[in-house]
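Novice: Structure file work.pdb, PDB, C-alpha atoms, is pasted below:
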```
ATOM      1  CA  MET F   1      15.536  -0.174 -25.205
ATOM      2  CA  ASN F   2      14.203  -3.113 -23.205
ATOM      3  CA  ALA F   3      15.148  -1.367 -19.958
ATOM      4  CA  ILE F   4      13.270   1.796 -21.013
ATOM      5  CA  ARG F   5      10.259  -0.325 -21.948
ATOM      6  CA  ALA F   6      10.436  -2.115 -18.581
ATOM      7  CA  ILE F   7      10.610   1.204 -16.682
ATOM      8  CA  ALA F   8       7.703   2.602 -18.741
ATOM      9  CA  ARG F   9       5.690  -0.546 -17.974
ATOM     10  CA  GLU F  10       6.455  -0.207 -14.253
ATOM     11  CA  LEU F  11       5.451   3.457 -14.236
ATOM     12  CA  LEU F  12       2.241   2.731 -16.125
ATOM     13  CA  GLY F  13       1.562  -0.120 -13.723
ATOM     14  CA  LEU F  14       1.552   2.389 -10.863
ATOM     15  CA  VAL F  15      -1.702   3.877 -12.074
ATOM     16  CA  VAL F  16      -3.237   1.272 -14.393
ATOM     17  CA  ASP F  17      -4.270  -2.195 -13.274
ATOM     18  CA  ASP F  18      -7.432  -2.610 -15.278
ATOM     19  CA  VAL F  19      -7.356  -0.627 -18.548
ATOM     20  CA  GLY F  20     -11.145  -0.332 -18.750
ATOM     21  CA  PHE F  21     -11.354   0.983 -15.184
ATOM     22  CA  ALA F  22      -8.632   3.596 -15.766
ATOM     23  CA  ALA F  23     -10.146   4.635 -19.120
ATOM     24  CA  ALA F  24     -13.608   5.012 -17.563
ATOM     25  CA  THR F  25     -12.170   7.184 -14.752
ATOM     26  CA  LEU F  26     -10.290   9.438 -17.195
ATOM     27  CA  GLY F  27     -13.358   9.568 -19.456
ATOM     28  CA  TRP F  28     -15.498  10.694 -16.522
ATOM     29  CA  ILE F  29     -12.993  13.425 -15.587
ATOM     30  CA  ALA F  30     -13.009  14.624 -19.212
ATOM     31  CA  PHE F  31     -16.827  14.585 -19.277
ATOM     32  CA  VAL F  32     -17.121  16.655 -16.070
ATOM     33  CA  TRP F  33     -14.421  19.038 -17.334
ATOM     34  CA  VAL F  34     -16.275  19.667 -20.616
ATOM     35  CA  PHE F  35     -19.569  19.980 -18.734
ATOM     36  CA  ALA F  36     -17.999  22.461 -16.287
ATOM     37  CA  THR F  37     -16.550  24.652 -19.042
ATOM     38  CA  MET F  38     -20.009  24.923 -20.635
ATOM     39  CA  ALA F  39     -21.601  26.118 -17.377
ATOM     40  CA  PRO F  40     -21.891  29.942 -17.126
ATOM     41  CA  GLN F  41     -20.583  29.881 -13.524
ATOM     42  CA  PRO F  42     -19.155  27.225 -11.157
ATOM     43  CA  VAL F  43     -21.856  25.257  -9.335
ATOM     44  CA  PRO F  44     -21.137  22.983  -6.323
ATOM     45  CA  TRP F  45     -23.132  20.011  -7.642
ATOM     46  CA  MET F  46     -20.604  19.500 -10.447
ATOM     47  CA  ALA F  47     -17.967  18.626  -7.848
ATOM     48  CA  ILE F  48     -20.446  16.181  -6.275
ATOM     49  CA  LEU F  49     -21.115  14.811  -9.772
ATOM     50  CA  LEU F  50     -17.365  14.186 -10.191
ATOM     51  CA  PHE F  51     -17.265  12.169  -6.947
ATOM     52  CA  CYS F  52     -20.479  10.230  -7.686
ATOM     53  CA  GLY F  53     -19.248   9.198 -11.125
ATOM     54  CA  VAL F  54     -15.864   8.043  -9.820
ATOM     55  CA  ALA F  55     -17.541   6.123  -6.962
ATOM     56  CA  ALA F  56     -19.960   4.474  -9.415
ATOM     57  CA  ILE F  57     -17.065   3.443 -11.694
ATOM     58  CA  LEU F  58     -15.285   1.894  -8.687
ATOM     59  CA  VAL F  59     -18.368  -0.076  -7.586
ATOM     60  CA  GLU F  60     -19.108  -1.267 -11.134
ATOM     61  CA  SER F  61     -15.502  -2.413 -11.566
ATOM     62  CA  VAL F  62     -15.287  -4.411  -8.310
ATOM     63  CA  LEU F  63     -18.707  -5.989  -8.881
ATOM     64  CA  ARG F  64     -17.755  -6.945 -12.450
ATOM     65  CA  ARG F  65     -14.492  -8.487 -11.209
ATOM     66  CA  SER F  66     -16.341 -10.326  -8.428
ATOM     67  CA  GLY F  67     -18.843 -11.716 -10.936
ATOM     68  CA  ALA F  68     -16.001 -12.949 -13.138
ATOM     69  CA  ALA F  69     -14.412 -14.746 -10.161
ATOM     70  CA  ARG F  70     -17.525 -16.841  -9.551
TER
ATOM     71  CA  MET T   1       7.636  28.627   3.081
ATOM     72  CA  THR T   2       4.110  28.601   4.556
ATOM     73  CA  VAL T   3       2.377  25.308   5.215
ATOM     74  CA  ASP T   4      -1.379  25.051   4.840
ATOM     75  CA  TRP T   5      -2.186  23.099   8.024
ATOM     76  CA  ILE T   6      -5.684  22.078   6.922
ATOM     77  CA  HIS T   7      -3.996  19.994   4.199
ATOM     78  CA  ALA T   8      -0.730  19.321   6.022
ATOM     79  CA  TRP T   9      -1.881  16.664   8.523
ATOM     80  CA  PRO T  10      -3.953  14.576   6.100
ATOM     81  CA  THR T  11      -1.115  14.920   3.558
ATOM     82  CA  ALA T  12       1.518  13.703   6.038
ATOM     83  CA  LEU T  13      -0.767  10.867   7.198
ATOM     84  CA  ALA T  14      -1.551   9.725   3.639
ATOM     85  CA  ALA T  15       2.152   9.802   2.695
ATOM     86  CA  PHE T  16       3.111   7.979   5.922
ATOM     87  CA  LEU T  17       0.576   5.152   5.534
ATOM     88  CA  ALA T  18       1.114   4.673   1.798
ATOM     89  CA  SER T  19       4.912   4.743   2.167
ATOM     90  CA  ALA T  20       4.774   2.319   5.107
ATOM     91  CA  VAL T  21       2.991  -0.259   2.932
ATOM     92  CA  GLU T  22       5.648   0.088   0.217
ATOM     93  CA  PHE T  23       8.557  -0.058   2.690
ATOM     94  CA  VAL T  24       7.134  -3.175   4.369
ATOM     95  CA  GLU T  25       7.117  -4.914   0.960
ATOM     96  CA  ALA T  26      10.686  -3.769   0.241
ATOM     97  CA  LEU T  27      11.858  -4.832   3.711
ATOM     98  CA  THR T  28      10.684  -8.412   3.095
ATOM     99  CA  VAL T  29      12.939  -8.749   0.051
ATOM    100  CA  VAL T  30      15.901  -6.894   1.613
ATOM    101  CA  LEU T  31      15.705  -9.207   4.654
ATOM    102  CA  ALA T  32      15.623 -12.231   2.345
ATOM    103  CA  VAL T  33      18.707 -10.914   0.492
ATOM    104  CA  GLY T  34      20.515 -10.285   3.780
ATOM    105  CA  ALA T  35      19.693 -13.715   5.181
ATOM    106  CA  ILE T  36      20.602 -15.706   2.054
ATOM    107  CA  ARG T  37      23.185 -13.629   0.127
ATOM    108  CA  GLY T  38      24.735 -11.631   2.992
ATOM    109  CA  TRP T  39      24.181  -8.162   4.397
ATOM    110  CA  ARG T  40      26.872  -6.410   2.352
ATOM    111  CA  GLY T  41      24.993  -6.776  -0.944
ATOM    112  CA  ALA T  42      21.620  -6.149   0.711
ATOM    113  CA  LEU T  43      22.676  -2.903   2.375
ATOM    114  CA  THR T  44      24.767  -1.502  -0.509
ATOM    115  CA  GLY T  45      21.963  -2.286  -2.993
ATOM    116  CA  THR T  46      19.379  -0.620  -0.754
ATOM    117  CA  SER T  47      21.605   2.414  -0.079
ATOM    118  CA  ALA T  48      22.416   2.885  -3.778
ATOM    119  CA  ALA T  49      18.722   2.816  -4.691
ATOM    120  CA  LEU T  50      17.814   5.242  -1.881
ATOM    121  CA  ALA T  51      20.552   7.647  -3.048
ATOM    122  CA  LEU T  52      19.249   7.489  -6.633
ATOM    123  CA  LEU T  53      15.670   8.063  -5.440
ATOM    124  CA  LEU T  54      16.780  11.061  -3.383
ATOM    125  CA  ALA T  55      18.443  12.494  -6.508
ATOM    126  CA  VAL T  56      15.172  12.006  -8.441
ATOM    127  CA  VAL T  57      13.216  13.866  -5.731
ATOM    128  CA  LEU T  58      15.750  16.718  -5.612
ATOM    129  CA  MET T  59      15.694  16.973  -9.403
ATOM    130  CA  PHE T  60      11.922  16.850 -10.021
ATOM    131  CA  GLY T  61      10.505  18.198  -6.727
ATOM    132  CA  PRO T  62      11.594  21.854  -7.154
ATOM    133  CA  ALA T  63      10.726  21.764 -10.885
ATOM    134  CA  LEU T  64       7.085  21.159  -9.966
ATOM    135  CA  THR T  65       6.889  24.501  -8.179
ATOM    136  CA  ARG T  66       7.626  26.275 -11.486
ATOM    137  CA  ILE T  67       4.560  24.776 -13.209
ATOM    138  CA  PRO T  68       1.235  26.632 -12.684
ATOM    139  CA  LEU T  69      -0.514  25.106  -9.642
ATOM    140  CA  GLN T  70      -3.801  24.472 -11.481
ATOM    141  CA  ASP T  71      -2.031  22.410 -14.190
ATOM    142  CA  VAL T  72      -0.154  20.420 -11.545
ATOM    143  CA  GLN T  73      -3.388  19.816  -9.631
ATOM    144  CA  LEU T  74      -5.143  18.471 -12.726
ATOM    145  CA  VAL T  75      -2.328  16.195 -13.957
ATOM    146  CA  VAL T  76      -1.057  15.028 -10.573
ATOM    147  CA  GLY T  77      -4.602  14.823  -9.195
ATOM    148  CA  GLY T  78      -5.629  12.626 -12.131
ATOM    149  CA  LEU T  79      -2.646  10.324 -11.580
ATOM    150  CA  LEU T  80      -3.255  10.277  -7.829
ATOM    151  CA  LEU T  81      -6.915   9.426  -8.380
ATOM    152  CA  LEU T  82      -5.985   6.524 -10.701
ATOM    153  CA  PHE T  83      -3.338   5.335  -8.227
ATOM    154  CA  GLY T  84      -5.650   5.603  -5.197
ATOM    155  CA  LEU T  85      -8.568   3.928  -6.962
ATOM    156  CA  ARG T  86      -6.265   1.106  -8.100
ATOM    157  CA  TRP T  87      -5.282   0.463  -4.467
ATOM    158  CA  LEU T  88      -8.850   0.814  -3.230
ATOM    159  CA  ARG T  89     -10.199  -1.535  -5.909
ATOM    160  CA  LYS T  90      -7.620  -4.166  -5.013
ATOM    161  CA  ALA T  91      -8.205  -3.723  -1.262
ATOM    162  CA  VAL T  92     -11.981  -4.129  -1.715
ATOM    163  CA  LEU T  93     -11.500  -7.287  -3.812
ATOM    164  CA  ARG T  94      -9.046  -8.699  -1.252
ATOM    165  CA  ALA T  95     -11.336  -7.843   1.679
ATOM    166  CA  ALA T  96     -14.172  -9.626  -0.129
ATOM    167  CA  GLY T  97     -12.011 -12.699  -0.705
ATOM    168  CA  VAL T  98     -12.195 -12.330  -4.511
ATOM    169  CA  ILE T  99      -8.397 -12.138  -4.863
ATOM    170  CA  PRO T 100      -5.877 -13.536  -2.351
ATOM    171  CA  LEU T 101      -4.284 -11.367   0.332
ATOM    172  CA  HIS T 102      -0.647 -10.346   0.018
ATOM    173  CA  ASP T 103       1.270 -12.426   2.573
ATOM    174  CA  GLU T 104       4.736 -11.159   3.579
ATOM    175  CA  THR T 105       5.746 -14.563   4.999
ATOM    176  CA  VAL T 106       4.931 -16.278   1.687
ATOM    177  CA  ALA T 107       6.726 -13.492  -0.218
ATOM    178  CA  TYR T 108       9.777 -13.939   2.040
ATOM    179  CA  GLU T 109       9.857 -17.712   1.512
ATOM    180  CA  ARG T 110       9.463 -17.324  -2.263
ATOM    181  CA  GLU T 111      12.272 -14.754  -2.364
ATOM    182  CA  THR T 112      14.674 -16.791  -0.208
ATOM    183  CA  GLY T 113      13.990 -19.826  -2.443
ATOM    184  CA  SER T 114      14.873 -17.968  -5.634
ATOM    185  CA  LEU T 115      17.949 -16.357  -4.019
ATOM    186  CA  ARG T 116      19.224 -19.786  -2.960
ATOM    187  CA  ALA T 117      18.579 -21.141  -6.450
ATOM    188  CA  ALA T 118      20.744 -18.367  -7.953
ATOM    189  CA  GLY T 119      23.836 -20.152  -6.584
ATOM    190  CA  PRO T 120      26.812 -18.738  -4.666
ATOM    191  CA  SER T 121      28.627 -15.581  -5.800
ATOM    192  CA  ASP T 122      31.986 -15.919  -7.590
ATOM    193  CA  GLY T 123      33.978 -13.436  -5.525
ATOM    194  CA  ALA T 124      33.663 -11.122  -2.552
ATOM    195  CA  TRP T 125      31.135  -8.995  -4.438
ATOM    196  CA  ASP T 126      27.647 -10.560  -4.638
ATOM    197  CA  ALA T 127      26.021  -9.099  -7.737
ATOM    198  CA  VAL T 128      22.780 -11.082  -7.245
ATOM    199  CA  GLY T 129      22.263  -9.774  -3.714
ATOM    200  CA  PHE T 130      23.101  -6.191  -4.711
ATOM    201  CA  ALA T 131      20.848  -6.264  -7.806
ATOM    202  CA  THR T 132      17.889  -7.803  -5.944
ATOM    203  CA  ALA T 133      18.050  -5.291  -3.078
ATOM    204  CA  PHE T 134      18.605  -2.403  -5.526
ATOM    205  CA  LYS T 135      15.692  -3.436  -7.760
ATOM    206  CA  ILE T 136      13.095  -3.863  -4.977
ATOM    207  CA  THR T 137      14.128  -0.611  -3.269
ATOM    208  CA  MET T 138      13.936   1.235  -6.602
ATOM    209  CA  LEU T 139      10.544  -0.239  -7.503
ATOM    210  CA  GLU T 140       8.890   0.356  -4.133
ATOM    211  CA  GLY T 141      10.807   3.616  -3.660
ATOM    212  CA  LEU T 142       9.577   4.960  -7.019
ATOM    213  CA  GLU T 143       6.039   4.390  -5.789
ATOM    214  CA  VAL T 144       6.889   6.294  -2.606
ATOM    215  CA  VAL T 145       8.387   9.161  -4.644
ATOM    216  CA  PHE T 146       5.251   9.231  -6.790
ATOM    217  CA  ILE T 147       3.041   9.269  -3.659
ATOM    218  CA  VAL T 148       5.070  12.052  -2.013
ATOM    219  CA  ILE T 149       5.046  14.197  -5.156
ATOM    220  CA  ALA T 150       1.371  13.458  -5.861
ATOM    221  CA  VAL T 151       0.002  14.175  -2.384
ATOM    222  CA  GLY T 152       2.426  17.060  -1.901
ATOM    223  CA  ALA T 153       2.018  18.821  -5.242
ATOM    224  CA  GLY T 154      -1.572  19.938  -4.778
ATOM    225  CA  GLY T 155      -0.854  22.978  -2.626
ATOM    226  CA  ALA T 156       1.852  25.386  -1.536
ATOM    227  CA  GLY T 157       4.258  23.868   0.976
ATOM    228  CA  LEU T 158       2.633  20.424   1.034
ATOM    229  CA  LEU T 159       5.755  18.636  -0.228
ATOM    230  CA  VAL T 160       7.258  19.174   3.240
ATOM    231  CA  PRO T 161       4.593  17.291   5.274
ATOM    232  CA  ALA T 162       4.392  14.627   2.529
ATOM    233  CA  SER T 163       8.181  14.089   2.702
ATOM    234  CA  VAL T 164       8.089  14.066   6.511
ATOM    235  CA  GLY T 165       5.386  11.369   6.396
ATOM    236  CA  ALA T 166       7.406   9.205   3.982
ATOM    237  CA  VAL T 167      10.684   9.608   5.910
ATOM    238  CA  ALA T 168       8.885   8.739   9.184
ATOM    239  CA  ALA T 169       7.533   5.575   7.542
ATOM    240  CA  LEU T 170      11.020   4.666   6.268
ATOM    241  CA  LEU T 171      12.551   5.138   9.726
ATOM    242  CA  LEU T 172       9.780   3.183  11.452
ATOM    243  CA  VAL T 173       9.913   0.221   9.036
ATOM    244  CA  ALA T 174      13.751   0.186   9.045
ATOM    245  CA  ALA T 175      13.789   0.264  12.874
ATOM    246  CA  LEU T 176      11.250  -2.583  13.064
ATOM    247  CA  GLY T 177      13.288  -4.550  10.536
ATOM    248  CA  LEU T 178      16.463  -4.011  12.581
ATOM    249  CA  ILE T 179      14.786  -5.039  15.832
ATOM    250  CA  LEU T 180      12.711  -7.980  14.582
ATOM    251  CA  HIS T 181      14.904  -9.301  11.723
ATOM    252  CA  ARG T 182      11.883 -10.875  10.035
ATOM    253  CA  PRO T 183       9.160  -9.776   7.610
ATOM    254  CA  LEU T 184       6.440  -7.583   9.103
ATOM    255  CA  SER T 185       3.737 -10.126   8.329
ATOM    256  CA  THR T 186       1.556  -9.054  11.265
ATOM    257  CA  VAL T 187       1.060  -5.603   9.740
ATOM    258  CA  PRO T 188      -2.586  -5.440   8.577
ATOM    259  CA  GLU T 189      -1.498  -4.666   5.027
ATOM    260  CA  ASN T 190      -4.878  -4.827   3.310
ATOM    261  CA  ALA T 191      -6.552  -2.646   5.950
ATOM    262  CA  LEU T 192      -3.725  -0.130   5.446
ATOM    263  CA  LYS T 193      -4.145  -0.271   1.665
ATOM    264  CA  PHE T 194      -7.894   0.197   2.101
ATOM    265  CA  VAL T 195      -7.393   3.347   4.211
ATOM    266  CA  VAL T 196      -4.627   4.676   1.943
ATOM    267  CA  GLY T 197      -6.738   3.995  -1.159
ATOM    268  CA  VAL T 198      -9.601   5.989   0.404
ATOM    269  CA  LEU T 199      -7.286   8.904   1.314
ATOM    270  CA  LEU T 200      -5.514   9.026  -2.062
ATOM    271  CA  ALA T 201      -8.788   8.748  -4.003
ATOM    272  CA  ALA T 202     -10.199  11.624  -1.901
ATOM    273  CA  PHE T 203      -7.108  13.803  -2.465
ATOM    274  CA  GLY T 204      -7.013  12.906  -6.162
ATOM    275  CA  THR T 205     -10.682  13.777  -6.686
ATOM    276  CA  PHE T 206     -10.198  17.078  -4.839
ATOM    277  CA  TRP T 207      -7.101  18.087  -6.828
ATOM    278  CA  VAL T 208      -8.781  17.142 -10.131
ATOM    279  CA  GLY T 209     -11.779  19.272  -9.153
ATOM    280  CA  GLU T 210      -9.486  22.178  -8.312
ATOM    281  CA  GLY T 211      -7.597  21.639 -11.571
ATOM    282  CA  ILE T 212     -10.765  21.954 -13.659
ATOM    283  CA  SER T 213     -12.016  24.910 -11.550
ATOM    284  CA  LEU T 214     -14.919  23.115  -9.860
ATOM    285  CA  ASP T 215     -16.496  24.835  -6.881
ATOM    286  CA  TRP T 216     -16.206  22.425  -3.921
ATOM    287  CA  PRO T 217     -18.930  22.822  -1.286
ATOM    288  CA  GLY T 218     -17.191  23.668   2.001
ATOM    289  CA  ALA T 219     -13.946  24.431   0.115
ATOM    290  CA  ASP T 220     -10.993  22.519   1.635
ATOM    291  CA  TRP T 221     -13.251  20.761   4.153
ATOM    292  CA  SER T 222     -14.730  18.790   1.271
ATOM    293  CA  ILE T 223     -11.568  16.609   1.416
ATOM    294  CA  LEU T 224     -13.012  15.219   4.667
ATOM    295  CA  GLY T 225     -16.376  14.701   2.970
ATOM    296  CA  LEU T 226     -14.699  12.942   0.029
ATOM    297  CA  THR T 227     -12.745  10.720   2.433
ATOM    298  CA  LEU T 228     -15.927   9.708   4.260
ATOM    299  CA  GLY T 229     -17.718   9.247   0.928
ATOM    300  CA  PHE T 230     -15.078   6.909  -0.505
ATOM    301  CA  LEU T 231     -14.875   5.059   2.818
ATOM    302  CA  ALA T 232     -18.644   4.485   2.809
ATOM    303  CA  VAL T 233     -18.751   3.402  -0.843
ATOM    304  CA  ALA T 234     -15.777   1.020  -0.507
ATOM    305  CA  SER T 235     -17.082  -0.441   2.782
ATOM    306  CA  LEU T 236     -20.479  -1.088   1.214
ATOM    307  CA  ALA T 237     -18.848  -2.603  -1.872
ATOM    308  CA  VAL T 238     -17.090  -5.331   0.182
ATOM    309  CA  PRO T 239     -20.220  -7.307   1.204
ATOM    310  CA  LEU T 240     -21.735  -6.766  -2.249
ATOM    311  CA  CYS T 241     -18.617  -8.248  -3.878
ATOM    312  CA  ARG T 242     -18.570 -11.110  -1.370
ATOM    313  CA  ARG T 243     -22.169 -11.972  -2.192
ATOM    314  CA  ARG T 244     -21.580 -11.690  -5.940
ATOM    315  CA  ALA T 245     -18.437 -13.828  -5.885
ATOM    316  CA  GLY T 246     -20.017 -16.337  -3.495
ATOM    317  CA  THR T 247     -17.123 -16.022  -1.048
ATOM    318  CA  GLY T 248     -19.530 -16.183   1.952
ATOM    319  CA  GLN T 249     -18.700 -14.497   5.220
ATOM    320  CA  PHE T 250     -14.928 -14.703   4.734
ATOM    321  CA  LEU T 251     -13.646 -11.455   6.198
ATOM    322  CA  ALA T 252     -10.231 -10.451   5.014
ATOM    323  CA  LEU T 253      -9.529  -6.833   5.828
ATOM    324  CA  ARG T 254      -6.145  -7.803   7.244
TER
END
```
Give the structure from this file in structure tokens form.
Specialist:
Amino acid sequence: MNAIRAIARELLGLVVDDVGFAAATLGWIAFVWVFATMAPQPVPWMAILLFCGVAAILVESVLRRSGAAR
Amino acid sequence: MTVDWIHAWPTALAAFLASAVEFVEALTVVLAVGAIRGWRGALTGTSAALALLLAVVLMFGPALTRIPLQDVQLVVGGLLLLFGLRWLRKAVLRAAGVIPLHDETVAYERETGSLRAAGPSDGAWDAVGFATAFKITMLEGLEVVFIVIAVGAGGAGLLVPASVGAVAALLLVAALGLILHRPLSTVPENALKFVVGVLLAAFGTFWVGEGISLDWPGADWSILGLTLGFLAVASLAVPLCRRRAGTGQFLALR
């Protein structure tokens, strides 16, 4: 049981370092997905919106971490 | 099997660079095991882990082709995006001097110290050496398997260039390890992680977009745009983080 837990922790650790950062990224994907399904037809700016949101989450996270290190 | 060459080269490059970083980290520990506990345990542990990893790839790789591509793109793209952003975040923080750089020489010394402290083996078979080499190869190798599957699962035939990239990285790092017999501490690890983080985040964002049926401007060429976009954002974030953390002009992309 401990071995399974250790493997699960390792696998989770591959994608999650900061829980808030990972949750915000997944939340943004979900938001864009819902937004895209409501649109009558695919529009290119939604893809740009996906990138901008992810980039903003990255910048916010590194700046927050840098502020905490001060 | 047809290979989509627009995706094939970036896929092979991303898999090569990301795998190289993982193999360099594994090599440090395997070298430490070989130097302190003997090469028999180091090489059998490494070989056993590589054989198990190969079995995992052969078991799960073909199964992915039976799942609808759009579902794979969404799930794998999401995981790849999280993985790439995690690397990029860490690389930005390291480049800004907020968190310390990973130093292979320090890692090697730490590992040799703990291997010496474990005491001599009882018989001809060194369980400590075998287990240490097996564990590090499995851990780093699992990341490589994840990278290969993630960057290769987004399109038809992309598992081939992704696997070629990873195998090339394995051969290169193993050859350097054989020739040099010391950790590859001169490899600019953080710069590599920075570039790999940018590439994986770009691929991940693209696959997620495809998975949720977004219309990318420029179609497949938007991967290049995403790569440049993430590169610009991450590069701009480094001085901002440095200023915010008060780490001055310390430049640490290495």
Novice: With only C-alpha atoms as the counted atoms, please give the residues lying no more than 12 Å from Gln41 of chain F, apart from itself and same-chain residues fewer than 6 positions off, as a VMD selection string.
Specialist: (chain F and resid 35) or (chain T and resid 213 to 215)
Novice: Keeping only C-alpha atoms, write the selected residues to a file as a PDB file, in the coordinates of the input.
Specialist:
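The result, written out as selection-v5.pdb:
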```pdb
ATOM      1  CA  PHE F  35     -19.569  19.980 -18.734  1.00  0.00           C
TER       2      PHE F  35
ATOM      3  CA  SER T 213     -12.016  24.910 -11.550  1.00  0.00           C
ATOM      4  CA  LEU T 214     -14.919  23.115  -9.860  1.00  0.00           C
ATOM      5  CA  ASP T 215     -16.496  24.835  -6.881  1.00  0.00           C
TER       6      ASP T 215
END
```
Novice: Extending 6 Å beyond the listed atoms of segment 54-60 of chain F on each side, what axis-aligned box results? I want centre and edge lengths in Å to one decimal, as JSON.
Specialist:
```
{"center_x": -17.6, "center_y": 3.4, "center_z": -9.3, "size_x": 16.7, "size_y": 21.3, "size_z": 16.7}
```
Novice: Around (-15.6, 2.0, -16.9) in the file's frame, which residues reach within 8 Å when counting all atoms listed in the file? Return as number ranges by chain?
Specialist: F: 20-25, 57, 60-61
Novice: Using the chain letters and numbers from the file, give me the residues hit by the ChimeraX specification (/T :<6) & /F, as a list in words.
Specialist: Val15, Trp33, Pro42, Val43, Pro44, Ala47, Leu63, Ser66, Gly67, Ala69 and Arg70 of chain F
Novice: Would you compute the distance between atom CA of Val151 of chain T and atom CA of Asp103 of chain T? Give it in Å to one decimal.
Specialist: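 For atom CA of Val151 of chain T relative to atom CA of Asp103 of chain T, the distance reads 27.1 Å.
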Novice: Identify all residues satisfying the PyMOL selection byres ((chain T and resi 116-121) around 12) in the given file; provide them as a PyMOL selection string.
Specialist: chain T and resi 32-38+41+109-115+122-130+132
Novice: If I take atom CA of Leu199 of chain T and atom CA of Pro100 of chain T, how far is one from the other in Å, to one decimal?
Specialist: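 Result for atom CA of Leu199 of chain T versus atom CA of Pro100 of chain T: 22.8 Å, one decimal.
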Novice: Quick one: pull the distance between atom CA of Gln73 of chain T and atom CA of Val24 of chain T, Å, one decimal.
Specialist: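 Value for the atom CA of Gln73 of chain T-atom CA of Val24 of chain T distance: 28.9 Å.
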Novice: Rank T:Ser185, T:Thr11, T:Val106, T:Gly204 by their smallest atom-to-atom distance to Val54 of chain F, using only C-alpha atoms, and report the top residue only.
Specialist: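 Distance minimum relative to Val54 of chain F lands on T:Gly204.
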Novice: Within 8 Å of (5.0, 16.1, 8.8) (coordinates as in the file), grab all the protein and nucleic acid residues, counting all atoms listed in the file, and write them out as a VMD selection string.
Specialist: chain T and resid 8 to 9 12 to 13 160 to 165
Novice: Taking all atoms listed in the file into account, which of T:Val144, T:Leu52, T:Ile136, T:Leu101 comes nearest Val167 of chain T?
Specialist: T:Val144
Novice: On this file, the PyMOL selection byres ((chain T and resi 50) around 12) gives some set of residues; write that set as an NGL selection string.
Specialist: :T and (23 or 26 or 43-49 or 51-57 or 133-142 or 144-145 or 167 or 170)
